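Pasting start_39.txt here (compact mmCIF, C-alpha atoms):
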# COMPACT_ATOMS: atom_id res chain seq x y z
CA SER A 458 11.39 -18.59 -18.69
CA LYS A 459 13.21 -18.72 -22.03
CA ASP A 460 11.09 -21.83 -22.65
CA LYS A 461 8.14 -19.41 -23.27
CA THR A 462 6.23 -20.56 -20.18
CA CYS A 463 5.43 -19.35 -16.69
CA LYS A 464 5.19 -21.86 -13.86
CA PHE A 465 3.16 -21.33 -10.68
CA TRP A 466 4.59 -23.07 -7.62
CA ASP A 467 3.62 -23.98 -4.07
CA ILE A 468 6.91 -22.94 -2.50
CA LYS A 469 6.29 -24.81 0.77
CA SER A 470 5.93 -28.19 -0.91
CA GLY A 471 7.93 -27.43 -4.05
CA LYS A 472 4.99 -28.65 -6.14
CA GLU A 473 4.28 -27.15 -9.56
CA LEU A 474 0.62 -26.06 -9.60
CA HIS A 475 0.23 -24.71 -13.13
CA THR A 476 2.24 -24.27 -16.31
CA LEU A 477 1.02 -21.14 -18.08
CA ILE A 478 1.38 -21.55 -21.84
CA GLU A 479 0.39 -18.78 -24.22
CA HIS A 480 3.42 -16.61 -25.03
CA GLU A 481 5.04 -17.17 -28.42
CA GLU A 482 8.51 -16.00 -27.35
CA PRO A 483 10.62 -16.12 -24.13
CA VAL A 484 9.06 -14.63 -20.99
CA ASN A 485 11.26 -11.93 -19.45
CA THR A 486 9.26 -10.73 -16.47
CA VAL A 487 6.35 -11.60 -14.19
CA ALA A 488 4.55 -9.78 -11.38
CA ILE A 489 2.04 -11.27 -8.94
CA TYR A 490 -0.96 -9.20 -7.86
CA PRO A 491 -1.00 -8.18 -4.17
CA ASN A 492 -3.90 -10.55 -3.45
CA GLY A 493 -1.95 -13.49 -4.90
CA GLU A 494 -4.81 -14.56 -7.14
CA LYS A 495 -3.55 -13.20 -10.45
CA ALA A 496 -0.27 -12.51 -12.21
CA ILE A 497 0.95 -10.64 -15.27
CA SER A 498 3.77 -11.73 -17.57
CA GLY A 499 5.75 -9.88 -20.24
CA SER A 500 7.51 -11.45 -23.20
CA ASP A 501 9.67 -10.98 -26.25
CA ASP A 502 6.40 -11.44 -28.19
CA LYS A 503 5.62 -7.79 -27.23
CA ASN A 504 2.55 -8.73 -25.16
CA CYS A 505 1.59 -8.82 -21.49
CA ILE A 506 -0.76 -11.57 -20.33
CA ILE A 507 -2.89 -11.46 -17.18
CA TRP A 508 -3.34 -14.92 -15.64
CA ASP A 509 -5.81 -16.38 -13.17
CA LEU A 510 -3.53 -18.25 -10.75
CA VAL A 511 -6.41 -20.22 -9.21
CA ASN A 512 -7.11 -22.15 -12.40
CA GLY A 513 -4.12 -21.25 -14.58
CA ASN A 514 -6.25 -19.66 -17.30
CA LYS A 515 -5.43 -16.62 -19.42
CA MET A 516 -7.63 -13.63 -18.58
CA LYS A 517 -6.42 -10.80 -20.84
CA ILE A 518 -3.70 -9.97 -23.37
CA LEU A 519 -2.36 -6.42 -23.18
CA LYS A 520 -1.13 -5.19 -26.56
CA GLY A 521 0.67 -1.91 -27.18
CA HIS A 522 4.43 -2.35 -27.17
CA THR A 523 6.38 -2.79 -30.39
CA ASN A 524 9.33 -4.68 -28.91
CA SER A 525 10.21 -7.01 -26.02
CA ILE A 526 8.78 -6.33 -22.57
CA ASN A 527 11.51 -6.31 -19.94
CA SER A 528 9.82 -5.31 -16.69
CA LEU A 529 6.42 -5.12 -14.97
CA SER A 530 5.12 -3.62 -11.73
CA ILE A 531 1.67 -3.50 -10.09
CA CYS A 532 0.36 -0.99 -7.53
CA SER A 533 -0.94 -2.15 -4.15
CA ASN A 534 -4.64 -2.28 -5.07
CA GLY A 535 -3.95 -4.34 -8.19
CA LYS A 536 -5.78 -1.91 -10.50
CA ILE A 537 -2.87 -0.18 -12.23
CA GLY A 538 0.32 -1.63 -13.68
CA ILE A 539 3.28 -0.39 -15.68
CA SER A 540 5.44 -2.13 -18.28
CA GLY A 541 8.87 -1.21 -19.62
CA SER A 542 10.02 -2.27 -23.07
CA ALA A 543 12.86 -2.46 -25.55
CA ASP A 544 10.77 -0.08 -27.69
CA PHE A 545 12.09 2.69 -25.36
CA THR A 546 8.64 3.28 -23.79
CA CYS A 547 6.73 2.61 -20.58
CA ILE A 548 2.99 1.94 -20.70
CA VAL A 549 0.67 2.46 -17.73
CA TRP A 550 -2.25 0.01 -17.86
CA ASP A 551 -5.73 -0.19 -16.38
CA LEU A 552 -5.45 -3.83 -15.36
CA GLU A 553 -9.20 -4.23 -14.91
CA THR A 554 -10.07 -3.22 -18.49
CA GLY A 555 -6.74 -3.93 -20.19
CA HIS A 556 -6.69 -0.41 -21.65
CA LYS A 557 -3.66 1.88 -21.88
CA ILE A 558 -3.75 4.89 -19.53
CA LYS A 559 -0.46 6.58 -20.44
CA ILE A 560 2.56 6.03 -22.67
CA PHE A 561 5.87 7.53 -21.48
CA ARG A 562 8.45 8.14 -24.21
CA GLU A 563 11.40 9.99 -22.65
CA HIS A 564 14.04 7.22 -22.76
CA ASN A 565 16.48 7.06 -25.67
CA ILE A 566 17.33 3.34 -25.44
CA LEU A 567 15.52 0.28 -24.14
CA VAL A 568 13.83 0.39 -20.75
CA THR A 569 15.30 -2.25 -18.45
CA SER A 570 13.18 -1.83 -15.32
CA VAL A 571 10.02 -0.18 -13.98
CA SER A 572 8.50 0.14 -10.52
CA ILE A 573 5.24 1.76 -9.42
CA CYS A 574 4.52 3.37 -6.05
CA PRO A 575 2.07 1.45 -3.88
CA ASP A 576 -0.54 4.22 -4.26
CA GLY A 577 -0.25 4.15 -8.05
CA LYS A 578 0.47 7.89 -8.32
CA ARG A 579 4.14 7.75 -9.33
CA ALA A 580 6.41 5.31 -11.10
CA ILE A 581 10.11 5.09 -11.87
CA SER A 582 11.88 3.64 -14.88
CA GLY A 583 15.51 2.70 -15.52
CA SER A 584 17.18 2.40 -18.89
CA MET A 585 20.34 1.59 -20.80
CA ASP A 586 20.48 5.32 -21.60
CA TYR A 587 22.06 5.69 -18.11
CA SER A 588 19.01 7.41 -16.62
CA CYS A 589 16.23 6.89 -14.11
CA ILE A 590 12.99 8.80 -14.70
CA LEU A 591 10.47 9.50 -11.94
CA TRP A 592 7.00 9.89 -13.43
CA GLU A 593 3.87 11.58 -12.10
CA ILE A 594 1.32 9.23 -13.65
CA GLU A 595 -1.71 11.54 -13.78
CA SER A 596 0.09 14.58 -15.19
CA SER A 597 2.85 12.74 -17.09
CA LYS A 598 5.38 15.14 -15.53
CA ASN A 599 8.81 13.62 -15.08
CA ILE A 600 12.18 14.20 -13.47
CA THR A 601 15.26 12.61 -15.04
CA THR A 602 18.33 11.60 -13.03
CA LYS A 603 21.51 10.47 -14.75
CA SER A 604 23.29 7.43 -13.32
CA SER A 605 27.02 8.15 -13.83
CA ASN A 606 27.24 6.74 -17.37
CA LEU A 607 26.09 3.30 -16.26
CA SER A 608 23.11 1.32 -17.48
CA VAL A 609 20.40 0.93 -14.84
CA ASP A 610 19.65 -2.80 -14.82
CA PHE A 611 17.00 -2.81 -12.11
CA ILE A 612 15.12 -0.33 -9.93
CA LYS A 613 12.53 -0.86 -7.22
CA ILE A 614 10.51 1.61 -5.14
CA PHE A 615 10.35 1.04 -1.37
CA PRO A 616 6.99 0.05 0.15
CA ASN A 617 6.63 3.55 1.67
CA GLY A 618 7.10 5.16 -1.75
CA LYS A 619 9.80 7.53 -0.49
CA LYS A 620 12.95 5.78 -1.65
CA ALA A 621 14.12 3.48 -4.43
CA ILE A 622 16.97 1.03 -4.88
CA SER A 623 18.76 0.45 -8.17
CA GLY A 624 21.29 -2.06 -9.46
CA SER A 625 23.77 -1.51 -12.27
CA TRP A 626 26.76 -2.74 -14.27
CA ASP A 627 29.10 -1.35 -11.60
CA ASN A 628 28.13 -4.36 -9.39
CA ASN A 629 26.59 -2.10 -6.72
CA CYS A 630 23.12 -1.24 -5.42
CA ILE A 631 22.27 2.41 -4.75
CA VAL A 632 19.48 3.63 -2.45
CA TRP A 633 17.90 6.91 -3.64
CA ASP A 634 15.75 9.51 -1.88
CA LEU A 635 12.93 10.16 -4.35
CA GLU A 636 12.13 13.62 -2.98
CA SER A 637 15.65 15.06 -3.09
CA ARG A 638 16.73 12.71 -5.93
CA LYS A 639 20.00 12.23 -4.07
CA LYS A 640 21.93 9.06 -3.33
CA VAL A 641 21.41 7.88 0.27
CA ARG A 642 23.83 4.96 0.36
CA THR A 643 25.67 2.45 -1.80
CA LEU A 644 25.68 -1.30 -1.12
CA TYR A 645 28.94 -3.00 -2.11
CA GLY A 646 29.50 -6.76 -2.34
CA HIS A 647 28.63 -8.29 -5.70
CA THR A 648 31.41 -9.01 -8.18
CA LYS A 649 29.27 -8.78 -11.33
CA SER A 650 26.23 -6.83 -12.56
CA ILE A 651 23.06 -6.60 -10.46
CA SER A 652 20.08 -8.12 -12.27
CA SER A 653 17.28 -7.86 -9.69
CA VAL A 654 16.41 -6.42 -6.28
CA SER A 655 13.46 -7.04 -3.96
CA ILE A 656 12.54 -5.24 -0.73
CA CYS A 657 10.75 -6.78 2.25
CA PRO A 658 7.37 -5.27 3.22
CA ASN A 659 8.76 -3.31 6.18
CA GLY A 660 11.47 -1.73 4.02
CA LYS A 661 14.29 -2.82 6.32
CA LEU A 662 15.78 -5.67 4.27
CA ALA A 663 16.49 -6.22 0.59
CA ILE A 664 17.75 -9.11 -1.49
CA SER A 665 19.76 -8.67 -4.67
CA GLY A 666 20.52 -11.15 -7.45
CA SER A 667 23.59 -10.93 -9.66
CA LEU A 668 25.43 -12.36 -12.62
CA ASP A 669 28.02 -13.55 -10.05
CA ASN A 670 25.61 -16.51 -9.34
CA THR A 671 24.75 -15.26 -5.82
CA CYS A 672 21.99 -13.48 -3.94
CA LYS A 673 22.84 -11.09 -1.12
CA LEU A 674 20.67 -10.06 1.84
CA TRP A 675 21.09 -6.45 2.98
CA ASP A 676 20.25 -4.44 6.09
CA LEU A 677 19.04 -1.25 4.40
CA ASN A 678 19.08 0.89 7.54
CA ASN A 679 22.75 0.27 8.22
CA SER A 680 24.05 -0.60 4.72
CA VAL A 681 25.28 -3.95 6.03
CA LEU A 682 25.60 -7.17 4.05
CA LEU A 683 23.92 -9.78 6.23
CA LYS A 684 24.25 -12.93 4.14
CA THR A 685 25.47 -14.21 0.80
CA LEU A 686 23.18 -16.93 -0.54
CA ARG A 687 25.00 -19.50 -2.66
CA GLY A 688 23.31 -22.35 -4.50
CA HIS A 689 22.84 -21.38 -8.13
CA ARG A 690 25.29 -22.63 -10.74
CA ASN A 691 24.79 -19.72 -13.12
CA SER A 692 23.67 -16.08 -13.22
CA VAL A 693 20.71 -15.05 -11.04
CA PHE A 694 18.24 -12.97 -13.06
CA SER A 695 15.30 -12.52 -10.69
CA VAL A 696 14.63 -12.38 -6.94
CA ALA A 697 11.51 -11.76 -4.85
CA ILE A 698 10.88 -11.61 -1.11
CA CYS A 699 7.68 -13.27 0.10
CA PRO A 700 5.05 -11.13 1.89
CA ASP A 701 6.04 -12.68 5.23
CA GLY A 702 9.54 -11.21 4.86
CA ARG A 703 11.07 -14.49 6.03
CA THR A 704 11.56 -16.31 2.75
CA ALA A 705 12.66 -15.35 -0.76
CA ILE A 706 12.86 -16.98 -4.16
CA SER A 707 15.46 -16.60 -6.89
CA GLY A 708 15.52 -17.66 -10.53
CA SER A 709 18.64 -18.44 -12.50
CA VAL A 710 20.05 -19.27 -15.92
CA ASP A 711 20.71 -22.72 -14.42
CA LYS A 712 16.94 -23.35 -15.02
CA THR A 713 16.10 -23.60 -11.31
CA CYS A 714 14.36 -21.47 -8.72
CA ILE A 715 15.60 -21.61 -5.12
CA VAL A 716 13.47 -20.83 -2.08
CA TRP A 717 15.60 -19.34 0.72
CA ASP A 718 15.15 -19.04 4.47
CA LEU A 719 16.28 -15.45 5.04
CA GLN A 720 16.79 -15.94 8.77
CA ASN A 721 19.59 -18.48 8.39
CA GLY A 722 20.37 -18.37 4.68
CA SER A 723 19.50 -22.02 4.07
CA VAL A 724 17.89 -23.54 0.99
CA LEU A 725 14.28 -24.58 1.64
CA GLN A 726 13.36 -25.83 -1.83
CA ILE A 727 14.92 -26.16 -5.28
CA LEU A 728 12.20 -25.86 -7.93
CA LYS A 729 12.97 -27.68 -11.19
CA GLY A 730 10.75 -27.77 -14.24
CA HIS A 731 11.84 -25.22 -16.85

Starting from the coordinates I provided, produce the structure as structure tokens.
Amino acid sequence: SKDKTCKFWDIKSGKELHTLIEHEEPVNTVAIYPNGEKAISGSDDKNCIIWDLVNGNKMKILKGHTNSINSLSICSNGKIGISGSADFTCIVWDLETGHKIKIFREHNILVTSVSICPDGKRAISGSMDYSCILWEIESSKNITTKSSNLSVDFIKIFPNGKKAISGSWDNNCIVWDLESRKKVRTLYGHTKSISSVSICPNGKLAISGSLDNTCKLWDLNNSVLLKTLRGHRNSVFSVAICPDGRTAISGSVDKTCIVWDLQNGSVLQILKGH
């Protein structure tokens, strides 16, 4: 949150379990490890912090960026992560040691979003320089794709590692084939910029959050808008689908998080505390 904290919630009960206090500036991004026991946060203070979610304690501080951290992603085994920053770079981290593995420097303006393949071999970054870059992590080789003179606000790799979905200022989500680097389909429906996208574990559904105050649930196979989720009173800046694929959570400028039932579109919990 902009209040410089992270809060860890039990989404079934709506109970706040921990308030994580250590960052000196607003927190822009968080990612939970696949095992659910740890998380990493990135802040305007230029640092990433790894947290123990069992006890709420700080485990490591990752230092290396020279400007705000905007996005984080963790591979499926929880050993490698990537951060994207307003310093125009992406850093690949060994999350067990806290050491930098690679620094990618191809973007010309701030990096808005990063996503790593489940196997940790490739990652993709999006930027306000209108490009997406697909990185081979071991070799540092990269392929750049321009995005029609539009800033890429968010990008996420599918669980199978073969496709990605991006959101932009044109209010649309685009699904990309990472092998051919071609557009597969466009999802139309939002009336303002896309801020966040999350994909369910089976890769069939996605949820998007937007500055139009709504979240939208998509059938990715058929490019169909299934539901529009309304409940926030201001822009939605982050969304995430739970591992069960049945519930999702969104965070908004209205200072609340909403837990959604994706089967019927109803509100399960409203989390207040920031």

For A:Leu474: contacts at 9 Å, all atoms listed in the file, fewer than 2 positions along chain excluded, given as a list in words: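 Residues meeting the cut-off are Lys464, Phe465, Trp466, Asp467, Lys472, Thr476, Leu510 and Gly513 of chain A.
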
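Atom to atom, atom CA of A:Arg638 and atom CA of A:Leu677 stand 17.5 Å apart.
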
Residues within 6 Å of A:Ile548, only C-alpha atoms, excluding chain neighbours under 4 positions, as JSON, numbers by chain: {"A": [539, 540, 559, 560]}

Mind dumping the selected residues with C-alpha atoms as a compact mmCIF listing (two decimals), keeping the file's coordinate frame?
# COMPACT_ATOMS: atom_id res chain seq x y z
CA ILE A 539 3.28 -0.39 -15.68
CA SER A 540 5.44 -2.13 -18.28
CA LYS A 559 -0.46 6.58 -20.44
CA ILE A 560 2.56 6.03 -22.67

Given all atoms listed in the file as the counted atoms, nearest of A:Gly499, A:Gly624, A:Pro575, A:Gly722 to A:Ala705: A:Gly722

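The coordinates place atom CA of A:Asn504 at 17.9 Å from atom CA of A:Arg562.
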
Proximity to A:Gly493 - best of A:Gly541, A:Gly660, A:Gly535, A:Gly555, all atoms listed in the file: A:Gly535

Nearest to A:His689 by atom-to-atom distance, counting all atoms listed in the file, from A:Pro616, A:Gly666, A:Gly577, A:Gly702: A:Gly666

Selection near A:Ser667, 12 Å with all atoms listed in the file, sequence-local residues under 2 positions removed, as JSON, numbers by chain: {"A": [610, 611, 624, 625, 626, 627, 628, 629, 630, 646, 647, 648, 649, 650, 651, 652, 653, 654, 664, 665, 669, 670, 671, 672, 673, 674, 685, 686, 687, 689, 690, 691, 692, 693, 694, 695, 696, 707, 708, 709, 710]}

Save the residues we just selected, C-alpha atoms, as a short mmCIF file (atom, residue, chain, number, x, y, z; two decimals), in the frame of the given file?
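Ended up saving to out_37.cif:
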data_model
loop_
_atom_site.label_atom_id
_atom_site.label_comp_id
_atom_site.auth_asym_id
_atom_site.auth_seq_id
_atom_site.Cartn_x
_atom_site.Cartn_y
_atom_site.Cartn_z
CA ASP A 610 19.65 -2.80 -14.82
CA PHE A 611 17.00 -2.81 -12.11
CA GLY A 624 21.29 -2.06 -9.46
CA SER A 625 23.77 -1.51 -12.27
CA TRP A 626 26.76 -2.74 -14.27
CA ASP A 627 29.10 -1.35 -11.60
CA ASN A 628 28.13 -4.36 -9.39
CA ASN A 629 26.59 -2.10 -6.72
CA CYS A 630 23.12 -1.24 -5.42
CA GLY A 646 29.50 -6.76 -2.34
CA HIS A 647 28.63 -8.29 -5.70
CA THR A 648 31.41 -9.01 -8.18
CA LYS A 649 29.27 -8.78 -11.33
CA SER A 650 26.23 -6.83 -12.56
CA ILE A 651 23.06 -6.60 -10.46
CA SER A 652 20.08 -8.12 -12.27
CA SER A 653 17.28 -7.86 -9.69
CA VAL A 654 16.41 -6.42 -6.28
CA ILE A 664 17.75 -9.11 -1.49
CA SER A 665 19.76 -8.67 -4.67
CA ASP A 669 28.02 -13.55 -10.05
CA ASN A 670 25.61 -16.51 -9.34
CA THR A 671 24.75 -15.26 -5.82
CA CYS A 672 21.99 -13.48 -3.94
CA LYS A 673 22.84 -11.09 -1.12
CA LEU A 674 20.67 -10.06 1.84
CA THR A 685 25.47 -14.21 0.80
CA LEU A 686 23.18 -16.93 -0.54
CA ARG A 687 25.00 -19.50 -2.66
CA HIS A 689 22.84 -21.38 -8.13
CA ARG A 690 25.29 -22.63 -10.74
CA ASN A 691 24.79 -19.72 -13.12
CA SER A 692 23.67 -16.08 -13.22
CA VAL A 693 20.71 -15.05 -11.04
CA PHE A 694 18.24 -12.97 -13.06
CA SER A 695 15.30 -12.52 -10.69
CA VAL A 696 14.63 -12.38 -6.94
CA SER A 707 15.46 -16.60 -6.89
CA GLY A 708 15.52 -17.66 -10.53
CA SER A 709 18.64 -18.44 -12.50
CA VAL A 710 20.05 -19.27 -15.92
#

Spatial neighbours of A:Asn485, 8 Å, all atoms listed in the file, chain gap at least 2 places, as a list in words: Ser458, Lys459, Pro483, Val487, Ser498, Gly499, Ser500, Asp501, Ile526, Asn527 and Ser528 of chain A

Neighbour list for A:Glu563 as a PyMOL selection string, cut-off 8 Å, only C-alpha atoms, skip fewer than 2 positions in-chain: chain A and resi 545-546+561+565

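Between atom CA of A:Ile590 and atom CA of A:Trp508 the interatomic distance comes to 28.8 Å.
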
Shortest interatomic distance to A:Ile531 - which of A:Gly583, A:Lys598, A:Ser588, A:Ile614, counting only C-alpha atoms: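 Ranked by minimum distance to A:Ile531, first place goes to A:Ile614.
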
Nearest residue to A:Lys619 from the set A:Lys503, A:Lys712, A:Lys639, A:Lys469 (distances using all atoms listed in the file): A:Lys639

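Among A:Phe615, A:Trp633, A:Tyr645, A:Trp592, the residue with the shortest atom-to-atom distance to A:Leu682, counting only C-alpha atoms, is A:Tyr645.
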